[in-house]
Each structure stands twice: as structure tokens, then as C-alpha cells.
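Heads up: the structure comes next, in C-alpha cells.
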Amino acid sequence: MGQNEQVGEFITIERIGRVAIVQFNRGDRVNALSARLLRDLAATARMLREDVTTSAIVLTGGQAFTGGADLTDPELAKRASASLLERREILRAGPDMCDAWEALDQVTIAAIEGFCIGGGVALAVACDFRIAARGAHFRLPEIPLGMNMSWHTQPRMVNLIGPSRTKQLTIFGERVDAVQAERWGLADEICDDGKALDTARRWAAKVAALPPVSVRMAKRGITQAATALNAAVTFMDVDQFALAATGEDSREAIAAFLEKRPPNFTGR
């Protein structure tokens, strides 16, 4: 019988043996990442990092994995009027959350239904494995919206799918369906719609049946080998986001999106 606990308003943790199922669900079809939810996801990961009773953690969303950062969140909207110093602190919530999930020694498995967009991709690639439902898709809209892809995401994607495909996913901002994601190495297994969590549970059960210390050491050694230079190439991505967001192209991209017209970019 599983034991449930609550973290914040939107996160539940169910424990079954040596497996923890973490669900973040705001109760709507977008399941966007508000500033509060970002902090709660980071707090959940930090709490679980100290938990020696779990070997595997499954991370899942609601109707969809997530549509990314909640641009309607009043707390995030404060960035526009905040000082540069305050804006840098606000912008750290996303990368800090992803770093906390990557830092876990337990094996982490993202169960993805529906769509996985923007910050959702950043969170998913901070996990060890990704199980995608057949109807799911991935997309990074940041560059077409005049922003940069931050949250320490780009080197993680390069580690997974290589530089060329990372550039395709990041620069073009186009939808990548589950079949293509599996072919690229972004998804580890495709399953029927509605079955991502069940499939991820099976992966987690395989991990939980193995010697926990050996699994943790193997995971940490592989992660460190793959990510040794990641911090060196992403330490400025918050500042890059802050810079890109002040440009005319960013304002033009958002205005064009809202007005349903082609944007006119000038490099300003």
C-alpha cells in the first residue's frame, strides 16, 4: 500500500517500496510551472536526495507533463519592473530546480503524456530517463519568442541527442513527436497514450530490485562523466536570458504571437 505526502499545493509523493512517484498537477490542461511550483519541485528533489529508502523516483505531470513556465504568474511578471539584481534572483528558480533534480542519486524517470514544452523539456532532460506516450510531443519555443534557452538545458540535450539535433530542437522551436524523440534519443521508450506512468513504474521497479548503493554509484559516475563541463558553459545563461528579454525582438515576438501575425525581427 502506497503512502502519500503533500509538498506545497500541487505536488504529491506516493511511496511504494523503494519507489517514489512524484506528481505535480495544477489541475488544468497546461500544467504550467509557476514560480511557487518551481520552488516546490526544487524542495521536493532536495528532500528526496537525503532519502535512503528510495532507489527510483518517477516524475509525472497532470493531463500533460507541462506547458513550461507560467507566463501569467504574477510573481514571474514582476521581472519586468524588477531591478537587474532582483531579476537575476527571480530567474534562478528554473535552473536551480533542474539542478536539484539532476543532483539526485536515485534513478529518475520522467513519465510524459500530452506535451512537454520549454521548461518542461528542461526538467525532463535533467532526469535520467524519459518515457513518452505515443501522442506526446516536445517543443522549445524560446528562440522564436526572442528569448534564449536557459535553465542549464543545452549541454544536457547535447549529452543526450548531440549538437545538431539540439540545434534543431532549440533554434527552430518546432514540435518533435514521440517517435522522432525516441529516434533521436530524447525519449527512452514510447508507450500507448495514458500508459506513461505505468511504463515508468515498471522501469522504476527494475531499479528498485537492484543493490541500491551500486546503482547510486553507477548513476553518479556516469552523470559526472557526461556533465563535467556543463556548469562551465551554462553559468551565464540567466544573464543571457535577462539580456535577451530586454531586446526589441523579444517584445516583437510576443506581440506577433498574441496578434497572430508574422514577426519582424531587427536584431535590436
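Going through the C-alpha cells in order, the chains are called A, B, and so on, while each chain numbers its residues from 1 and the ligands are numbered from 1 in the order shown.
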
At a cut-off of 7 Å, using only C-alpha atoms, what residues contact Asp177 of chain A? Leave out same-chain residues fewer than 2 positions from it and give the result as a CSV table (one decimal) with N, CA, C and O atoms, in the first residue's frame.
```csv
chain,number,residue,atom,x,y,z
A,136,ALA,N,2.5,12.1,-27.3
A,136,ALA,CA,3.2,13.3,-26.7
A,136,ALA,C,4.1,13.9,-27.7
A,136,ALA,O,4.5,13.4,-28.7
A,137,HIS,N,4.4,15.2,-27.4
A,137,HIS,CA,5.4,15.9,-28.2
A,137,HIS,C,6.3,16.8,-27.3
A,137,HIS,O,5.9,17.2,-26.2
A,138,PHE,N,7.4,17.2,-27.8
A,138,PHE,CA,8.4,18.1,-27.2
A,138,PHE,C,8.5,19.3,-28.0
A,138,PHE,O,8.6,19.3,-29.3
A,175,ARG,N,7.8,21.4,-33.2
A,175,ARG,CA,7.4,20.2,-32.4
A,175,ARG,C,8.1,19.0,-32.8
A,175,ARG,O,8.3,18.7,-34.0
A,179,VAL,N,7.8,9.6,-31.6
A,179,VAL,CA,8.5,8.7,-32.4
A,179,VAL,C,9.9,9.3,-32.8
A,179,VAL,O,10.9,8.6,-32.7
A,180,GLN,N,9.9,10.6,-33.2
A,180,GLN,CA,11.1,11.2,-33.5
A,180,GLN,C,12.0,11.4,-32.3
A,180,GLN,O,13.2,11.2,-32.4
A,181,ALA,N,11.4,11.7,-31.2
A,181,ALA,CA,12.1,11.9,-29.9
A,181,ALA,C,12.8,10.6,-29.5
A,181,ALA,O,14.0,10.6,-29.1
```

Using only C-alpha atoms, tabulate the residues of segment 128-185 of chain A lying at most 10 Å from any atom of segment 226-234 of chain A, each with its closest atom pair and that distance in Å to one decimal, by chain and increasing residue number, as a tab-separated table.
```
residue	atom	partner	partner_atom	distance
A:Ser150	CA	A:Thr234	CA	7.8
A:Trp151	CA	A:Thr234	CA	8.3
A:His152	CA	A:Thr234	CA	5.4
A:Thr153	CA	A:Thr234	CA	8.2
A:Gln154	CA	A:Thr234	CA	8.0
A:Pro155	CA	A:Asn230	CA	5.7
A:Arg156	CA	A:Thr227	CA	7.3
A:Val158	CA	A:Ala226	CA	9.8
A:Asn159	CA	A:Ala226	CA	6.5
A:Leu160	CA	A:Ala226	CA	9.2
```

| task | Run DSSP on the backbone and give me the residues of segment 198-264 of chain A it puts in helix (DSSP H, G or I), as a PyMOL selection string. | result | chain A and resi 198-208+212-227+230-234+237-245+248-259

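Close contacts of Val19 of chain A, defined as residues with an atom at most 7 Å away when counting only C-alpha atoms, with chain neighbours fewer than 5 positions off set aside, comprise Thr54, Ser55, Ala56, Ile57, Ala204 and Ala208 of chain A.
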
Find the nearest atom pair between each residue of segment 18-122 of chain A and segment 199-203 of chain A for residues within 12 Å, count only C-alpha atoms, give distances in Å to one decimal, sort rows by chain and ascending number, and present the table as CSV.
```
residue,atom,partner,partner_atom,distance
A:Arg18,CA,A:Arg201,CA,11.2
A:Val19,CA,A:Arg201,CA,8.1
A:Ala20,CA,A:Arg201,CA,9.4
A:Ile21,CA,A:Arg201,CA,8.2
A:Val22,CA,A:Arg201,CA,11.3
A:Ser55,CA,A:Trp203,CA,11.3
A:Ala56,CA,A:Trp203,CA,8.7
A:Ile57,CA,A:Arg201,CA,8.9
A:Val58,CA,A:Ala200,CA,6.5
A:Leu59,CA,A:Ala200,CA,8.8
A:Thr60,CA,A:Ala200,CA,9.2
A:Val107,CA,A:Trp203,CA,9.7
A:Thr108,CA,A:Ala200,CA,9.6
A:Ile109,CA,A:Ala200,CA,6.3
A:Ala110,CA,A:Ala200,CA,7.3
A:Ala111,CA,A:Ala200,CA,5.9
A:Ile112,CA,A:Ala200,CA,9.3
A:Glu113,CA,A:Ala200,CA,11.5
```

| message | I'd like the contact shell of Leu243 of chain A - 10 Å cut-off, only C-alpha atoms, skipping same-chain residues fewer than 5 positions apart - returned as a PyMOL selection string. | response | chain A and resi 84+147-148+237-238

| message | List as a list in words the protein and nucleic acid residues near Lys167 of chain A, meaning an atom at most 10 Å away when only C-alpha atoms are counted, but skip any in the same chain fewer than 4 places from it. | response | Gln154, Met157, Val158, Ile161, Gly162, Pro163, Ile171, Phe172 and Gly173 of chain A

Those same residues, written as a tab-separated table (two decimals), in the first residue's frame with C-alpha atoms?
```
chain	number	residue	atom	x	y	z
A	154	GLN	CA	21.58	22.99	-23.70
A	157	MET	CA	20.47	17.97	-24.51
A	158	VAL	CA	23.82	17.81	-26.28
A	161	ILE	CA	20.98	13.85	-28.65
A	162	GLY	CA	24.16	15.52	-29.96
A	163	PRO	CA	24.80	19.08	-31.14
A	171	ILE	CA	16.69	27.08	-32.77
A	172	PHE	CA	13.69	26.12	-34.90
A	173	GLY	CA	11.31	25.73	-31.96
```

| query | If you run DSSP on the backbone, which residues of segment 54-148 of chain A are strand (DSSP E), as JSON, numbers by chain? | reply | {"A": [56, 57, 58, 59, 60, 107, 108, 109, 110, 111, 112, 115, 116, 117, 129, 130, 131, 132, 133, 137, 138, 139]}

Write out, as a CSV table (one decimal), in the first residue's frame, the residues just selected, with N, CA, C and O atoms.
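What follows is the written file selection.csv:
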```csv
chain,number,residue,atom,x,y,z
A,56,ALA,N,14.4,4.7,-6.8
A,56,ALA,CA,14.0,5.2,-8.1
A,56,ALA,C,12.9,6.2,-7.8
A,56,ALA,O,12.0,6.0,-6.9
A,57,ILE,N,12.8,7.3,-8.6
A,57,ILE,CA,11.8,8.3,-8.5
A,57,ILE,C,11.2,8.5,-9.9
A,57,ILE,O,11.9,8.8,-10.8
A,58,VAL,N,9.9,8.4,-9.9
A,58,VAL,CA,9.1,8.7,-11.2
A,58,VAL,C,8.5,10.1,-11.0
A,58,VAL,O,7.9,10.4,-10.0
A,59,LEU,N,8.7,10.9,-12.0
A,59,LEU,CA,8.2,12.3,-12.1
A,59,LEU,C,7.2,12.4,-13.2
A,59,LEU,O,7.5,12.1,-14.3
A,60,THR,N,6.0,12.8,-12.8
A,60,THR,CA,4.9,12.9,-13.8
A,60,THR,C,4.1,14.1,-13.6
A,60,THR,O,4.0,14.7,-12.5
A,107,VAL,N,17.7,6.9,-9.3
A,107,VAL,CA,17.4,7.0,-10.7
A,107,VAL,C,16.1,7.7,-10.9
A,107,VAL,O,15.1,7.4,-10.2
A,108,THR,N,16.1,8.7,-11.8
A,108,THR,CA,14.9,9.5,-12.0
A,108,THR,C,14.3,9.2,-13.4
A,108,THR,O,15.0,9.1,-14.4
A,109,ILE,N,13.0,9.0,-13.5
A,109,ILE,CA,12.3,8.7,-14.7
A,109,ILE,C,11.1,9.6,-14.9
A,109,ILE,O,10.2,9.7,-14.1
A,110,ALA,N,11.1,10.4,-16.0
A,110,ALA,CA,10.0,11.3,-16.3
A,110,ALA,C,9.0,10.5,-17.1
A,110,ALA,O,9.3,9.9,-18.2
A,111,ALA,N,7.7,10.6,-16.7
A,111,ALA,CA,6.6,9.9,-17.4
A,111,ALA,C,5.9,11.1,-18.1
A,111,ALA,O,5.2,11.9,-17.5
A,112,ILE,N,5.9,11.1,-19.5
A,112,ILE,CA,5.4,12.2,-20.2
A,112,ILE,C,4.2,11.9,-21.1
A,112,ILE,O,4.3,11.1,-22.0
A,115,PHE,N,2.0,17.1,-23.8
A,115,PHE,CA,3.1,17.9,-24.3
A,115,PHE,C,4.1,18.2,-23.2
A,115,PHE,O,3.8,18.2,-22.0
A,116,CYS,N,5.3,18.5,-23.7
A,116,CYS,CA,6.4,18.8,-22.8
A,116,CYS,C,7.1,19.9,-23.5
A,116,CYS,O,7.9,19.8,-24.4
A,117,ILE,N,6.9,21.1,-23.0
A,117,ILE,CA,7.3,22.4,-23.7
A,117,ILE,C,8.2,23.2,-22.8
A,117,ILE,O,8.0,23.3,-21.6
A,129,PHE,N,15.9,9.2,-17.3
A,129,PHE,CA,15.2,8.5,-18.4
A,129,PHE,C,13.9,9.3,-18.7
A,129,PHE,O,13.3,9.9,-17.8
A,130,ARG,N,13.4,9.1,-19.9
A,130,ARG,CA,12.1,9.8,-20.3
A,130,ARG,C,11.2,8.7,-21.0
A,130,ARG,O,11.7,8.1,-22.0
A,131,ILE,N,10.0,8.5,-20.4
A,131,ILE,CA,9.1,7.6,-21.0
A,131,ILE,C,8.0,8.5,-21.7
A,131,ILE,O,7.4,9.3,-20.9
A,132,ALA,N,7.7,8.4,-22.9
A,132,ALA,CA,6.8,9.2,-23.6
A,132,ALA,C,5.6,8.5,-24.2
A,132,ALA,O,5.8,7.4,-24.8
A,133,ALA,N,4.4,9.0,-23.9
A,133,ALA,CA,3.2,8.4,-24.6
A,133,ALA,C,3.3,8.7,-26.1
A,133,ALA,O,3.9,9.7,-26.5
A,137,HIS,N,4.4,15.2,-27.4
A,137,HIS,CA,5.4,15.9,-28.2
A,137,HIS,C,6.3,16.8,-27.3
A,137,HIS,O,5.9,17.2,-26.2
A,138,PHE,N,7.4,17.2,-27.8
A,138,PHE,CA,8.4,18.1,-27.2
A,138,PHE,C,8.5,19.3,-28.0
A,138,PHE,O,8.6,19.3,-29.3
A,139,ARG,N,8.7,20.5,-27.4
A,139,ARG,CA,9.0,21.7,-28.1
A,139,ARG,C,9.7,22.7,-27.3
A,139,ARG,O,9.3,22.9,-26.1
```

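Summary of the local environment: counting only C-alpha atoms, residues at most 12 Å from Thr246 of chain A, other than itself and those fewer than 2 positions away along its chain, are Arg79, Ala80, Ser81, Leu84, Arg87, Gly146, Met147, Asn148, Asp239, Gln240, Phe241, Ala242, Leu243, Ala244, Glu248, Asp249, Ser250, Arg251, Glu252, Gly267 and Arg268 of chain A.
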
Got time to write the residues from that selection, N, CA, C and O atoms, as a tab-separated table (two decimals), in the first residue's frame?
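Wrote it out as selection30.tsv, contents follow:
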```tsv
chain	number	residue	atom	x	y	z
A	79	ARG	N	9.22	40.41	-13.01
A	79	ARG	CA	10.54	40.58	-13.63
A	79	ARG	C	10.62	41.87	-14.42
A	79	ARG	O	11.67	42.52	-14.49
A	80	ALA	N	9.49	42.26	-15.05
A	80	ALA	CA	9.50	43.42	-15.94
A	80	ALA	C	9.86	44.69	-15.20
A	80	ALA	O	10.54	45.57	-15.74
A	81	SER	N	9.43	44.82	-13.93
A	81	SER	CA	9.68	46.05	-13.19
A	81	SER	C	10.78	45.90	-12.15
A	81	SER	O	11.12	46.87	-11.46
A	84	LEU	N	17.80	44.85	-12.03
A	84	LEU	CA	18.58	43.79	-12.66
A	84	LEU	C	19.00	42.75	-11.63
A	84	LEU	O	18.95	41.54	-11.88
A	87	ARG	N	15.99	40.74	-10.76
A	87	ARG	CA	15.60	39.90	-11.89
A	87	ARG	C	16.48	38.66	-11.98
A	87	ARG	O	16.00	37.56	-12.26
A	146	GLY	N	12.13	35.18	-29.09
A	146	GLY	CA	13.13	36.21	-28.83
A	146	GLY	C	13.88	36.03	-27.52
A	146	GLY	O	14.52	36.97	-27.04
A	147	MET	N	13.79	34.85	-26.91
A	147	MET	CA	14.50	34.59	-25.65
A	147	MET	C	15.71	33.72	-25.94
A	147	MET	O	16.10	33.53	-27.08
A	148	ASN	N	16.36	33.22	-24.88
A	148	ASN	CA	17.36	32.18	-25.07
A	148	ASN	C	16.93	30.95	-24.28
A	148	ASN	O	16.05	31.03	-23.43
A	239	ASP	N	21.92	35.35	-17.16
A	239	ASP	CA	22.22	36.71	-17.63
A	239	ASP	C	21.90	36.86	-19.12
A	239	ASP	O	21.45	37.92	-19.56
A	240	GLN	N	22.12	35.80	-19.88
A	240	GLN	CA	21.76	35.84	-21.29
A	240	GLN	C	20.25	35.99	-21.47
A	240	GLN	O	19.77	36.73	-22.33
A	241	PHE	N	19.48	35.29	-20.63
A	241	PHE	CA	18.03	35.42	-20.69
A	241	PHE	C	17.61	36.85	-20.33
A	241	PHE	O	16.76	37.45	-21.00
A	242	ALA	N	18.20	37.38	-19.27
A	242	ALA	CA	17.87	38.75	-18.85
A	242	ALA	C	18.18	39.74	-19.97
A	242	ALA	O	17.41	40.67	-20.22
A	243	LEU	N	19.30	39.53	-20.67
A	243	LEU	CA	19.67	40.42	-21.77
A	243	LEU	C	18.70	40.28	-22.94
A	243	LEU	O	18.19	41.26	-23.47
A	244	ALA	N	18.43	39.02	-23.35
A	244	ALA	CA	17.55	38.80	-24.50
A	244	ALA	C	16.16	39.36	-24.25
A	244	ALA	O	15.51	39.89	-25.17
A	248	GLU	N	14.25	44.49	-28.35
A	248	GLU	CA	13.04	44.77	-29.11
A	248	GLU	C	12.50	43.51	-29.78
A	248	GLU	O	11.29	43.35	-29.93
A	249	ASP	N	13.40	42.60	-30.18
A	249	ASP	CA	12.95	41.37	-30.84
A	249	ASP	C	12.09	40.52	-29.92
A	249	ASP	O	11.14	39.86	-30.38
A	250	SER	N	12.40	40.51	-28.64
A	250	SER	CA	11.60	39.73	-27.70
A	250	SER	C	10.20	40.31	-27.59
A	250	SER	O	9.20	39.58	-27.63
A	251	ARG	N	10.10	41.64	-27.48
A	251	ARG	CA	8.79	42.27	-27.41
A	251	ARG	C	8.02	42.07	-28.71
A	251	ARG	O	6.81	41.83	-28.70
A	252	GLU	N	8.71	42.16	-29.85
A	252	GLU	CA	8.07	41.94	-31.14
A	252	GLU	C	7.57	40.51	-31.29
A	252	GLU	O	6.47	40.27	-31.80
A	267	GLY	N	17.04	42.45	-34.85
A	267	GLY	CA	18.30	42.28	-34.13
A	267	GLY	C	18.52	43.32	-33.07
A	267	GLY	O	19.62	43.40	-32.50
A	268	ARG	N	17.51	44.10	-32.77
A	268	ARG	CA	17.65	45.13	-31.74
A	268	ARG	C	17.17	44.62	-30.38
A	268	ARG	O	16.23	43.85	-30.33
```

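Picture a line from atom CA of Leu186 of chain A to atom CA of Val125 of chain A; it runs 7.9 Å.
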
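Of the residues under consideration (A:Ala245, A:Asp105, A:Arg261, A:Ala82), A:Asp105 shows the shortest atom-to-atom contact distance to Met217 of chain A when counting only C-alpha atoms.
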
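One finds atom CA of Gly62 of chain A at 24.5 Å from atom CA of Arg92 of chain A.
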
| Using only C-alpha atoms, which residues sit within 8 Å of Thr170 of chain A once same-chain residues fewer than 6 positions away are excluded, as JSON, numbers by chain? | {"A": [140, 141, 142, 143, 149]}

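The space separating atom CA of Gly8 of chain A from atom CA of Leu104 of chain A comes to 19.8 Å.
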
| field | Nearest to Thr44 of chain A, chosen from A:Phe257, A:Phe235, A:Phe265, A:Phe24, with only C-alpha atoms counted in the distances | value | A:Phe24
